[in-house]
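Q: Sharing model-v3.cif (mmCIF, C-alpha atoms, pLDDT in the B column; chains and numbers go by the auth columns) below.
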data_work
loop_
_atom_site.group_PDB
_atom_site.id
_atom_site.type_symbol
_atom_site.label_atom_id
_atom_site.label_comp_id
_atom_site.label_asym_id
_atom_site.label_seq_id
_atom_site.Cartn_x
_atom_site.Cartn_y
_atom_site.Cartn_z
_atom_site.B_iso_or_equiv
_atom_site.auth_seq_id
_atom_site.auth_asym_id
ATOM 1 C CA MET A 1 -26.564 4.274 -19.774 88.00 207 A
ATOM 2 C CA SER A 2 -25.922 4.701 -16.071 94.00 208 A
ATOM 3 C CA GLU A 3 -27.274 3.487 -12.759 97.00 209 A
ATOM 4 C CA THR A 4 -26.386 3.312 -9.079 97.00 210 A
ATOM 5 C CA ILE A 5 -25.870 -0.212 -7.803 98.00 211 A
ATOM 6 C CA THR A 6 -24.873 -1.788 -4.497 98.00 212 A
ATOM 7 C CA LEU A 7 -21.558 -3.603 -4.232 98.00 213 A
ATOM 8 C CA LYS A 8 -20.284 -5.751 -1.381 98.00 214 A
ATOM 9 C CA ALA A 9 -16.714 -5.872 -0.110 98.00 215 A
ATOM 10 C CA ALA A 10 -15.009 -9.052 1.085 98.00 216 A
ATOM 11 C CA ASP A 11 -15.832 -8.225 4.716 97.00 217 A
ATOM 12 C CA GLY A 12 -19.535 -7.940 3.924 98.00 218 A
ATOM 13 C CA HIS A 13 -19.739 -4.139 3.836 98.00 219 A
ATOM 14 C CA SER A 14 -22.272 -2.966 1.229 98.00 220 A
ATOM 15 C CA PHE A 15 -21.874 0.395 -0.490 98.00 221 A
ATOM 16 C CA PRO A 16 -23.279 2.305 -3.476 98.00 222 A
ATOM 17 C CA ALA A 17 -21.423 2.726 -6.741 98.00 223 A
ATOM 18 C CA TYR A 18 -22.286 4.745 -9.820 98.00 224 A
ATOM 19 C CA VAL A 19 -21.953 2.592 -12.943 98.00 225 A
ATOM 20 C CA ALA A 20 -21.785 4.001 -16.470 98.00 226 A
ATOM 21 C CA LYS A 21 -21.943 1.651 -19.455 98.00 227 A
ATOM 22 C CA PRO A 22 -20.695 2.147 -23.016 98.00 228 A
ATOM 23 C CA ALA A 23 -23.053 2.058 -25.993 96.00 229 A
ATOM 24 C CA GLY A 24 -21.454 -1.086 -27.413 94.00 230 A
ATOM 25 C CA LYS A 25 -19.218 -3.831 -26.125 96.00 231 A
ATOM 26 C CA ALA A 26 -16.837 -2.537 -23.470 97.00 232 A
ATOM 27 C CA LYS A 27 -13.123 -2.333 -24.264 97.00 233 A
ATOM 28 C CA GLY A 28 -12.362 -2.903 -20.599 98.00 234 A
ATOM 29 C CA GLY A 29 -13.233 -1.546 -17.183 98.00 235 A
ATOM 30 C CA ILE A 30 -12.296 1.674 -15.395 98.00 236 A
ATOM 31 C CA VAL A 31 -12.756 2.508 -11.729 99.00 237 A
ATOM 32 C CA VAL A 32 -13.130 6.241 -11.021 99.00 238 A
ATOM 33 C CA LEU A 33 -12.280 7.386 -7.499 98.00 239 A
ATOM 34 C CA GLN A 34 -13.954 10.499 -6.106 98.00 240 A
ATOM 35 C CA GLU A 35 -12.466 13.623 -4.617 97.00 241 A
ATOM 36 C CA ILE A 36 -13.385 14.613 -1.060 97.00 242 A
ATOM 37 C CA PHE A 37 -16.674 15.930 -2.469 97.00 243 A
ATOM 38 C CA GLY A 38 -18.306 12.540 -2.995 97.00 244 A
ATOM 39 C CA VAL A 39 -19.718 10.912 -6.119 98.00 245 A
ATOM 40 C CA ASN A 40 -21.130 14.262 -7.165 97.00 246 A
ATOM 41 C CA ALA A 41 -22.183 15.646 -10.540 97.00 247 A
ATOM 42 C CA HIS A 42 -18.574 16.134 -11.627 97.00 248 A
ATOM 43 C CA ILE A 43 -17.452 12.598 -10.796 98.00 249 A
ATOM 44 C CA ARG A 44 -20.537 11.161 -12.492 98.00 250 A
ATOM 45 C CA ALA A 45 -19.729 13.250 -15.571 97.00 251 A
ATOM 46 C CA VAL A 46 -16.163 11.931 -15.541 98.00 252 A
ATOM 47 C CA ALA A 47 -17.523 8.376 -15.356 98.00 253 A
ATOM 48 C CA ASP A 48 -19.930 9.076 -18.202 98.00 254 A
ATOM 49 C CA GLY A 49 -17.039 10.440 -20.256 98.00 255 A
ATOM 50 C CA TYR A 50 -15.005 7.263 -19.883 98.00 256 A
ATOM 51 C CA ALA A 51 -18.093 5.201 -20.700 98.00 257 A
ATOM 52 C CA ALA A 52 -18.533 7.248 -23.884 98.00 258 A
ATOM 53 C CA ALA A 53 -14.932 6.313 -24.711 98.00 259 A
ATOM 54 C CA GLY A 54 -15.940 2.644 -24.597 98.00 260 A
ATOM 55 C CA TYR A 55 -15.371 1.478 -21.037 98.00 261 A
ATOM 56 C CA LEU A 56 -17.521 -0.003 -18.279 98.00 262 A
ATOM 57 C CA VAL A 57 -17.013 2.503 -15.481 98.00 263 A
ATOM 58 C CA VAL A 58 -17.520 2.043 -11.733 99.00 264 A
ATOM 59 C CA ALA A 59 -17.347 4.985 -9.310 98.00 265 A
ATOM 60 C CA PRO A 60 -17.607 3.672 -5.728 98.00 266 A
ATOM 61 C CA ALA A 61 -18.787 5.867 -2.860 98.00 267 A
ATOM 62 C CA THR A 62 -15.623 5.832 -0.780 98.00 268 A
ATOM 63 C CA PHE A 63 -17.189 7.595 2.229 98.00 269 A
ATOM 64 C CA SER A 64 -19.710 4.794 2.779 98.00 270 A
ATOM 65 C CA ARG A 65 -17.817 3.145 5.650 98.00 271 A
ATOM 66 C CA ILE A 66 -18.476 6.196 7.807 97.00 272 A
ATOM 67 C CA GLY A 67 -22.149 6.244 6.839 95.00 273 A
ATOM 68 C CA LYS A 68 -21.765 8.876 4.119 95.00 274 A
ATOM 69 C CA GLY A 69 -22.349 6.900 0.952 92.00 275 A
ATOM 70 C CA ASP A 70 -24.615 9.518 -0.585 93.00 276 A
ATOM 71 C CA VAL A 71 -22.347 12.571 -0.240 95.00 277 A
ATOM 72 C CA GLN A 72 -22.592 15.035 -3.133 96.00 278 A
ATOM 73 C CA LEU A 73 -20.831 18.226 -2.116 97.00 279 A
ATOM 74 C CA GLY A 74 -20.085 21.352 -4.087 96.00 280 A
ATOM 75 C CA TYR A 75 -16.827 23.309 -3.968 95.00 281 A
ATOM 76 C CA THR A 76 -17.390 26.078 -1.431 95.00 282 A
ATOM 77 C CA GLU A 77 -15.165 26.567 1.582 95.00 283 A
ATOM 78 C CA SER A 78 -17.752 24.903 3.823 97.00 284 A
ATOM 79 C CA ASP A 79 -18.038 21.974 1.393 96.00 285 A
ATOM 80 C CA MET A 80 -14.271 21.569 1.475 95.00 286 A
ATOM 81 C CA LYS A 81 -14.230 21.597 5.269 97.00 287 A
ATOM 82 C CA GLU A 82 -16.985 18.961 5.375 97.00 288 A
ATOM 83 C CA GLY A 83 -15.216 16.802 2.811 97.00 289 A
ATOM 84 C CA PHE A 84 -11.905 16.968 4.659 97.00 290 A
ATOM 85 C CA GLY A 85 -13.715 15.790 7.784 97.00 291 A
ATOM 86 C CA TYR A 86 -15.108 12.759 5.980 98.00 292 A
ATOM 87 C CA LYS A 87 -11.735 11.984 4.434 97.00 293 A
ATOM 88 C CA GLY A 88 -10.063 12.124 7.843 97.00 294 A
ATOM 89 C CA ALA A 89 -12.613 9.713 9.284 98.00 295 A
ATOM 90 C CA VAL A 90 -12.088 7.219 6.440 98.00 296 A
ATOM 91 C CA GLU A 91 -8.295 7.498 6.644 97.00 297 A
ATOM 92 C CA ALA A 92 -8.547 6.701 10.376 98.00 298 A
ATOM 93 C CA LEU A 93 -10.317 3.367 9.759 97.00 299 A
ATOM 94 C CA PRO A 94 -8.327 0.222 10.545 96.00 300 A
ATOM 95 C CA ALA A 95 -6.741 -1.469 7.537 94.00 301 A
ATOM 96 C CA PRO A 96 -7.746 -2.330 4.914 96.00 302 A
ATOM 97 C CA GLY A 97 -10.590 0.176 5.328 97.00 303 A
ATOM 98 C CA VAL A 98 -11.766 1.692 2.061 98.00 304 A
ATOM 99 C CA MET A 99 -9.247 -0.332 0.043 98.00 305 A
ATOM 100 C CA ALA A 100 -11.583 -3.308 0.411 98.00 306 A
ATOM 101 C CA ASP A 101 -14.330 -1.304 -1.303 98.00 307 A
ATOM 102 C CA ILE A 102 -12.001 -0.301 -4.123 98.00 308 A
ATOM 103 C CA GLN A 103 -11.116 -3.973 -4.555 98.00 309 A
ATOM 104 C CA ALA A 104 -14.822 -4.808 -4.885 98.00 310 A
ATOM 105 C CA ALA A 105 -15.236 -2.049 -7.483 98.00 311 A
ATOM 106 C CA VAL A 106 -12.292 -3.398 -9.482 98.00 312 A
ATOM 107 C CA ASP A 107 -13.716 -6.909 -9.280 98.00 313 A
ATOM 108 C CA HIS A 108 -17.052 -5.646 -10.644 98.00 314 A
ATOM 109 C CA ALA A 109 -15.391 -3.713 -13.472 98.00 315 A
ATOM 110 C CA ALA A 110 -13.412 -6.833 -14.415 98.00 316 A
ATOM 111 C CA GLN A 111 -16.494 -8.322 -16.066 98.00 317 A
ATOM 112 C CA ALA A 112 -15.543 -6.054 -18.991 98.00 318 A
ATOM 113 C CA GLY A 113 -11.958 -7.340 -19.204 98.00 319 A
ATOM 114 C CA LYS A 114 -8.780 -5.622 -18.038 98.00 320 A
ATOM 115 C CA VAL A 115 -9.268 -2.821 -15.504 98.00 321 A
ATOM 116 C CA GLY A 116 -7.682 0.590 -15.077 98.00 322 A
ATOM 117 C CA ILE A 117 -8.178 3.021 -12.209 99.00 323 A
ATOM 118 C CA VAL A 118 -8.212 6.811 -12.184 99.00 324 A
ATOM 119 C CA GLY A 119 -8.781 9.176 -9.271 98.00 325 A
ATOM 120 C CA TYR A 120 -8.721 12.845 -8.434 98.00 326 A
ATOM 121 C CA CYS A 121 -7.410 14.661 -5.348 97.00 327 A
ATOM 122 C CA TRP A 122 -7.984 12.199 -2.467 98.00 328 A
ATOM 123 C CA GLY A 123 -9.039 9.720 -5.132 98.00 329 A
ATOM 124 C CA GLY A 124 -5.637 10.250 -6.741 98.00 330 A
ATOM 125 C CA LEU A 125 -3.967 9.212 -3.506 98.00 331 A
ATOM 126 C CA LEU A 126 -6.215 6.149 -3.304 98.00 332 A
ATOM 127 C CA THR A 127 -5.383 5.370 -6.937 98.00 333 A
ATOM 128 C CA TRP A 128 -1.678 5.375 -6.093 98.00 334 A
ATOM 129 C CA ARG A 129 -2.293 3.091 -3.136 98.00 335 A
ATOM 130 C CA SER A 130 -4.423 0.831 -5.324 98.00 336 A
ATOM 131 C CA ALA A 131 -1.583 0.495 -7.825 98.00 337 A
ATOM 132 C CA ALA A 132 0.429 -1.102 -5.025 98.00 338 A
ATOM 133 C CA GLN A 133 -2.267 -3.014 -3.140 98.00 339 A
ATOM 134 C CA VAL A 134 -5.349 -3.851 -5.194 98.00 340 A
ATOM 135 C CA LYS A 135 -5.478 -7.045 -7.229 98.00 341 A
ATOM 136 C CA GLY A 136 -6.756 -7.244 -10.782 98.00 342 A
ATOM 137 C CA LEU A 137 -5.561 -3.873 -12.050 98.00 343 A
ATOM 138 C CA SER A 138 -3.694 -3.314 -15.301 98.00 344 A
ATOM 139 C CA ALA A 139 -3.047 0.447 -15.084 98.00 345 A
ATOM 140 C CA ALA A 140 -3.443 3.408 -12.714 99.00 346 A
ATOM 141 C CA ALA A 141 -3.732 7.150 -13.415 98.00 347 A
ATOM 142 C CA PRO A 142 -3.756 9.391 -10.330 98.00 348 A
ATOM 143 C CA TYR A 143 -4.558 13.078 -10.780 98.00 349 A
ATOM 144 C CA TYR A 144 -2.993 15.484 -8.240 98.00 350 A
ATOM 145 C CA GLY A 145 -3.149 12.905 -5.476 96.00 351 A
ATOM 146 C CA GLY A 146 -2.986 14.819 -2.224 90.00 352 A
ATOM 147 C CA GLY A 147 -0.335 13.205 -0.036 95.00 353 A
ATOM 148 C CA MET A 148 1.036 10.784 -2.618 97.00 354 A
ATOM 149 C CA THR A 149 4.321 12.689 -2.822 97.00 355 A
ATOM 150 C CA MET A 150 4.952 12.402 0.919 97.00 356 A
ATOM 151 C CA PRO A 151 7.750 10.006 1.977 97.00 357 A
ATOM 152 C CA GLU A 152 5.428 7.306 3.364 97.00 358 A
ATOM 153 C CA GLU A 153 3.490 7.195 0.080 98.00 359 A
ATOM 154 C CA ILE A 154 6.554 7.472 -2.152 98.00 360 A
ATOM 155 C CA ALA A 155 7.781 4.323 -0.409 98.00 361 A
ATOM 156 C CA ARG A 156 4.984 2.292 -2.011 98.00 362 A
ATOM 157 C CA GLN A 157 5.872 0.147 -5.010 98.00 363 A
ATOM 158 C CA PRO A 158 3.260 0.011 -7.781 98.00 364 A
ATOM 159 C CA ARG A 159 2.543 -3.360 -9.340 98.00 365 A
ATOM 160 C CA VAL A 160 1.061 -1.911 -12.533 98.00 366 A
ATOM 161 C CA PRO A 161 1.989 0.895 -14.966 98.00 367 A
ATOM 162 C CA VAL A 162 1.228 4.353 -13.542 98.00 368 A
ATOM 163 C CA LEU A 163 0.585 7.679 -15.272 98.00 369 A
ATOM 164 C CA ALA A 164 0.531 10.604 -12.813 98.00 370 A
ATOM 165 C CA HIS A 165 -0.748 14.149 -13.388 98.00 371 A
ATOM 166 C CA PHE A 166 0.222 17.177 -11.275 98.00 372 A
ATOM 167 C CA GLY A 167 -0.237 20.952 -11.460 97.00 373 A
ATOM 168 C CA GLU A 168 2.850 23.134 -11.154 97.00 374 A
ATOM 169 C CA GLN A 169 0.817 25.816 -9.328 96.00 375 A
ATOM 170 C CA ASP A 170 -0.746 23.338 -6.881 96.00 376 A
ATOM 171 C CA HIS A 171 -0.225 24.742 -3.377 94.00 377 A
ATOM 172 C CA TRP A 172 -1.363 21.432 -1.855 95.00 378 A
ATOM 173 C CA ILE A 173 1.405 19.454 -3.614 97.00 379 A
ATOM 174 C CA PRO A 174 4.710 21.393 -3.717 96.00 380 A
ATOM 175 C CA LEU A 175 6.809 20.873 -6.835 96.00 381 A
ATOM 176 C CA ASP A 176 9.840 19.764 -4.849 97.00 382 A
ATOM 177 C CA THR A 177 7.824 16.812 -3.554 98.00 383 A
ATOM 178 C CA VAL A 178 6.748 15.986 -7.115 98.00 384 A
ATOM 179 C CA GLU A 179 10.424 15.974 -8.084 97.00 385 A
ATOM 180 C CA ALA A 180 11.201 13.651 -5.158 97.00 386 A
ATOM 181 C CA PHE A 181 8.413 11.350 -6.345 98.00 387 A
ATOM 182 C CA LYS A 182 9.775 11.351 -9.912 98.00 388 A
ATOM 183 C CA LYS A 183 13.281 10.561 -8.692 98.00 389 A
ATOM 184 C CA ALA A 184 12.051 7.656 -6.560 98.00 390 A
ATOM 185 C CA HIS A 185 9.817 6.264 -9.314 98.00 391 A
ATOM 186 C CA PRO A 186 11.477 6.586 -12.731 98.00 392 A
ATOM 187 C CA GLU A 187 9.094 3.866 -13.941 98.00 393 A
ATOM 188 C CA VAL A 188 6.104 6.211 -13.471 98.00 394 A
ATOM 189 C CA ALA A 189 5.161 8.569 -16.307 98.00 395 A
ATOM 190 C CA VAL A 190 4.777 11.940 -14.559 98.00 396 A
ATOM 191 C CA HIS A 191 3.276 14.973 -16.289 98.00 397 A
ATOM 192 C CA VAL A 192 3.167 18.449 -14.770 98.00 398 A
ATOM 193 C CA TYR A 193 0.736 21.043 -16.145 98.00 399 A
ATOM 194 C CA PRO A 194 0.668 24.868 -15.881 97.00 400 A
ATOM 195 C CA ALA A 195 -2.343 24.665 -13.601 97.00 401 A
ATOM 196 C CA HIS A 196 -3.633 24.608 -10.038 95.00 402 A
ATOM 197 C CA HIS A 197 -4.984 21.765 -7.911 95.00 403 A
ATOM 198 C CA GLY A 198 -8.265 20.427 -9.279 93.00 404 A
ATOM 199 C CA PHE A 199 -7.533 21.556 -12.828 96.00 405 A
ATOM 200 C CA ASN A 200 -9.602 18.718 -14.291 95.00 406 A
ATOM 201 C CA CYS A 201 -12.852 19.818 -12.610 90.00 407 A
ATOM 202 C CA ASP A 202 -14.944 22.243 -14.656 91.00 408 A
ATOM 203 C CA HIS A 203 -17.067 22.930 -11.552 89.00 409 A
ATOM 204 C CA ARG A 204 -14.132 24.606 -9.808 87.00 410 A
ATOM 205 C CA GLY A 205 -12.440 27.958 -10.220 85.00 411 A
ATOM 206 C CA SER A 206 -9.139 26.139 -10.682 90.00 412 A
ATOM 207 C CA TYR A 207 -10.378 24.406 -13.835 92.00 413 A
ATOM 208 C CA ASP A 208 -7.882 24.655 -16.696 89.00 414 A
ATOM 209 C CA GLU A 209 -9.440 23.535 -19.953 96.00 415 A
ATOM 210 C CA ALA A 210 -6.226 23.056 -21.912 97.00 416 A
ATOM 211 C CA SER A 211 -4.528 21.065 -19.144 97.00 417 A
ATOM 212 C CA ALA A 212 -7.646 18.973 -18.530 97.00 418 A
ATOM 213 C CA LYS A 213 -7.962 18.144 -22.224 98.00 419 A
ATOM 214 C CA LEU A 214 -4.312 17.166 -22.577 98.00 420 A
ATOM 215 C CA ALA A 215 -4.362 15.066 -19.403 98.00 421 A
ATOM 216 C CA ARG A 216 -7.512 13.259 -20.578 98.00 422 A
ATOM 217 C CA GLU A 217 -5.958 12.552 -23.986 98.00 423 A
ATOM 218 C CA ARG A 218 -2.868 11.125 -22.314 98.00 424 A
ATOM 219 C CA THR A 219 -4.951 9.064 -19.895 98.00 425 A
ATOM 220 C CA LEU A 220 -7.127 7.627 -22.664 98.00 426 A
ATOM 221 C CA ALA A 221 -4.024 6.704 -24.678 98.00 427 A
ATOM 222 C CA PHE A 222 -2.491 5.134 -21.555 98.00 428 A
ATOM 223 C CA PHE A 223 -5.618 3.076 -20.902 98.00 429 A
ATOM 224 C CA ALA A 224 -5.859 2.083 -24.571 98.00 430 A
ATOM 225 C CA GLN A 225 -2.305 0.754 -24.316 98.00 431 A
ATOM 226 C CA HIS A 226 -2.778 -1.219 -21.117 98.00 432 A
ATOM 227 C CA ILE A 227 -6.475 -2.106 -21.066 96.00 433 A
ATOM 228 C CA GLY A 228 -7.688 -2.159 -24.658 83.00 434 A
#
So that I can check it, write out the structure of this file as structure tokens.
A:
Amino acid sequence: MSETITLKAADGHSFPAYVAKPAGKAKGGIVVLQEIFGVNAHIRAVADGYAAAGYLVVAPATFSRIGKGDVQLGYTESDMKEGFGYKGAVEALPAPGVMADIQAAVDHAAQAGKVGIVGYCWGGLLTWRSAAQVKGLSAAAPYYGGGMTMPEEIARQPRVPVLAHFGEQDHWIPLDTVEAFKKAHPEVAVHVYPAHHGFNCDHRGSYDEASAKLARERTLAFFAQHIG
């Protein structure tokens, strides 16, 4: 069962969030963070998949603070350009910006127990930041987080266990920066797959079924260990 609800951040900002519920009692909560393409069909499917695995899932619209809470882009070049524009506008917001909305999503998911967070692309970067900043988390699993292997992001110190997924053919995240990240964070479980950026998304040409399946299995096992 799924629905779109309205959540409110600590500063009073209201924003939409897609919520997917498990068939039975939830084992815990998971927050799913979107790519630059919005809470589109793919992100909703990801949320539904984690709900089917037994979790209460919340996918907040992280473009809402710039008035784009209903963005559902595809994966064309023009869609990517539009999405990058929205991302840039959100990243330019004064702190805490979108992190306050992620906090509200985590707080909502906490009704189901312990909470994990997973994000893809830009959402992977926000997942990494959340591991260091957001309260109430028990685990974080960023997928190919664009920018998270840059020095200013590597400097962050996660407060919860982290499982990170990268693609060895990802031209957005060079392997040498992944190695620098691994060296700086030996406490993080880092997996690198023979795939391109966006390998988890079956709506994209870069989709890699084998890598996506293995990464999902590892993420579910990681959440089972730290959430329930």
Q: Which residue is closest to Phe429 in chain A? Choose from A:Thr282, A:Asp313, A:Lys320, A:Ala253 and count all atoms listed in the file.
A: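 Looking at the shortest contact to Phe429 in chain A, the residue is A:Lys320.
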Q: Range 273-369 of chain A near range 381-404 of chain A within 8 Å: what's each residue's closest atom pair and its distance in Å to one decimal, counting only C-alpha atoms, ordered by chain then ascending residue number, as a tab-separated table?
A:
residue	atom	partner	partner_atom	distance
A:Tyr326	CA	A:Gly404	CA	7.6
A:Cys327	CA	A:Gly404	CA	7.0
A:Tyr350	CA	A:His403	CA	6.6
A:Thr355	CA	A:Thr383	CA	5.5
A:Met356	CA	A:Thr383	CA	6.9
A:Ile360	CA	A:Phe387	CA	6.0
A:Pro367	CA	A:Val394	CA	6.9
A:Val368	CA	A:Val394	CA	5.2
A:Leu369	CA	A:Ala395	CA	4.8
Q: Enumerate, as a VMD selection string, the residues matched when the PyMOL selection byres ((chain A and resi 306) around 10) is run on the file above.
A: chain A and resid 214 to 219 301 to 305 307 to 312 339 to 340
Q: Between A:Ala223, A:Leu262, A:Val277, A:Ala229, which has the minimum distance to Gly244 in chain A (counting all atoms listed in the file)?
A: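 Closest residue, counting all atoms listed in the file: A:Val277.
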Q: Show me the residues around (-17.9, 19.5, 3.0) - criterion: an atom at most 12 Å away, all atoms listed in the file counted - as a list in words.
A: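 These residues have at least one counted atom within 12 Å: Glu241, Ile242, Phe243, Gly244, Asn246, Phe269, Lys274, Val277, Gln278, Leu279, Gly280, Tyr281, Thr282, Glu283, Ser284, Asp285, Met286, Lys287, Glu288, Gly289, Phe290, Gly291, Tyr292, Lys293 and Gly294 of chain A.
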Q: Put those residues in a file: C-alpha atoms, as a PDB file, in the frame of the given file.
A:
ATOM      1  CA  GLU A 241     -12.466  13.623  -4.617  1.00 97.00           C
ATOM      2  CA  ILE A 242     -13.385  14.613  -1.060  1.00 97.00           C
ATOM      3  CA  PHE A 243     -16.674  15.930  -2.469  1.00 97.00           C
ATOM      4  CA  GLY A 244     -18.306  12.540  -2.995  1.00 97.00           C
ATOM      5  CA  ASN A 246     -21.130  14.262  -7.165  1.00 97.00           C
ATOM      6  CA  PHE A 269     -17.189   7.595   2.229  1.00 98.00           C
ATOM      7  CA  LYS A 274     -21.765   8.876   4.119  1.00 95.00           C
ATOM      8  CA  VAL A 277     -22.347  12.571  -0.240  1.00 95.00           C
ATOM      9  CA  GLN A 278     -22.592  15.035  -3.133  1.00 96.00           C
ATOM     10  CA  LEU A 279     -20.831  18.226  -2.116  1.00 97.00           C
ATOM     11  CA  GLY A 280     -20.085  21.352  -4.087  1.00 96.00           C
ATOM     12  CA  TYR A 281     -16.827  23.309  -3.968  1.00 95.00           C
ATOM     13  CA  THR A 282     -17.390  26.078  -1.431  1.00 95.00           C
ATOM     14  CA  GLU A 283     -15.165  26.567   1.582  1.00 95.00           C
ATOM     15  CA  SER A 284     -17.752  24.903   3.823  1.00 97.00           C
ATOM     16  CA  ASP A 285     -18.038  21.974   1.393  1.00 96.00           C
ATOM     17  CA  MET A 286     -14.271  21.569   1.475  1.00 95.00           C
ATOM     18  CA  LYS A 287     -14.230  21.597   5.269  1.00 97.00           C
ATOM     19  CA  GLU A 288     -16.985  18.961   5.375  1.00 97.00           C
ATOM     20  CA  GLY A 289     -15.216  16.802   2.811  1.00 97.00           C
ATOM     21  CA  PHE A 290     -11.905  16.968   4.659  1.00 97.00           C
ATOM     22  CA  GLY A 291     -13.715  15.790   7.784  1.00 97.00           C
ATOM     23  CA  TYR A 292     -15.108  12.759   5.980  1.00 98.00           C
ATOM     24  CA  LYS A 293     -11.735  11.984   4.434  1.00 97.00           C
ATOM     25  CA  GLY A 294     -10.063  12.124   7.843  1.00 97.00           C
TER      26      GLY A 294
END
Q: So how far away is CA of Ala346 in chain A from CA of Val321 in chain A, in Å?
A: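 Computed distance, CA of Val321 in chain A to CA of Ala346 in chain A, equals 9.0 Å.
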Q: Within 9 Å of Ile323 in chain A, counting all atoms listed in the file, which residues show up once you throw out same-chain ones fewer than 6 positions away? Write them as JSON, numbers by chain, please.
A: {"A": [235, 236, 237, 238, 239, 312, 333, 336, 337, 343, 344, 345, 346, 347, 348]}
Q: Which of these, A:Thr425, A:Ser412, A:Thr268, A:Gln375, has the shortest distance to Glu297 in chain A once you count only C-alpha atoms?
A: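 Ranking A:Thr425, A:Ser412, A:Thr268, A:Gln375 by distance to Glu297 in chain A, first place goes to A:Thr268.
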Q: So, with all atoms listed in the file as the atoms that count, which of A:Ala418, A:Met207, A:Val366, A:Ala247 lies closest to His432 in chain A?
A: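 Comparing A:Ala418, A:Met207, A:Val366, A:Ala247 against His432 in chain A, the winner is A:Val366.
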Q: Set the distance at 10 Å and use all atoms listed in the file: which residues neighbour Lys231 in chain A once local chain neighbours fewer than 6 positions away are removed? I'd like the list as a list in words.
A: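 Selected residues are Gly260, Tyr261, Leu262 and Ala318 of chain A.
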Q: Write out the residues from the selection above, keeping C-alpha atoms, as a PDB file, in the frame of the given file.
A:
ATOM      1  CA  GLY A 260     -15.940   2.644 -24.597  1.00 98.00           C
ATOM      2  CA  TYR A 261     -15.371   1.478 -21.037  1.00 98.00           C
ATOM      3  CA  LEU A 262     -17.521  -0.003 -18.279  1.00 98.00           C
ATOM      4  CA  ALA A 318     -15.543  -6.054 -18.991  1.00 98.00           C
TER       5      ALA A 318
END
Q: Please indicate the distance in Å from CA of Phe405 in chain A to CA of Gly330 in chain A, rounded to one decimal place.
A: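 Value for the CA of Phe405 in chain A-CA of Gly330 in chain A distance: 13.0 Å.
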Q: Smallest atom-to-atom distance to Ile249 in chain A: which of A:Trp378, A:Asp408, A:Glu415, A:Leu426, using only C-alpha atoms?
A: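 Selected residue with least distance to Ile249 in chain A: A:Asp408.
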Q: Build an axis-aligned box that encloses every atom of range 397-406 of chain A listed in the file, pad it by 4 Å on each side, and report its centre and edge lengths in Å to one decimal, as AutoDock Vina command-line options.
A:
--center_x -3.2 --center_y 19.9 --center_z -12.1 --size_x 20.9 --size_y 17.9 --size_z 16.4
Q: Point out the residue among A:Leu299, A:Ala315, A:Ile272, A:Val245 with the least atom-to-atom distance to Ile433 in chain A, counting only C-alpha atoms.
A: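 Ranked by minimum distance to Ile433 in chain A, first place goes to A:Ala315.
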Q: As an exercise, work out the distance from CA of Phe372 in chain A to CA of Gly351 in chain A in Å and give it to one decimal place.
A: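 Between CA of Phe372 in chain A and CA of Gly351 in chain A the gap is 8.0 Å.
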Q: Do you know which residues are at most 12 Å from Ala251 in chain A counting all atoms listed in the file, after dropping those on the same chain fewer than 6 positions away, and could you put them as JSON, numbers by chain?
A: {"A": [208, 224, 225, 226, 238, 240, 245, 257, 258, 263, 265, 406, 407, 408, 409]}
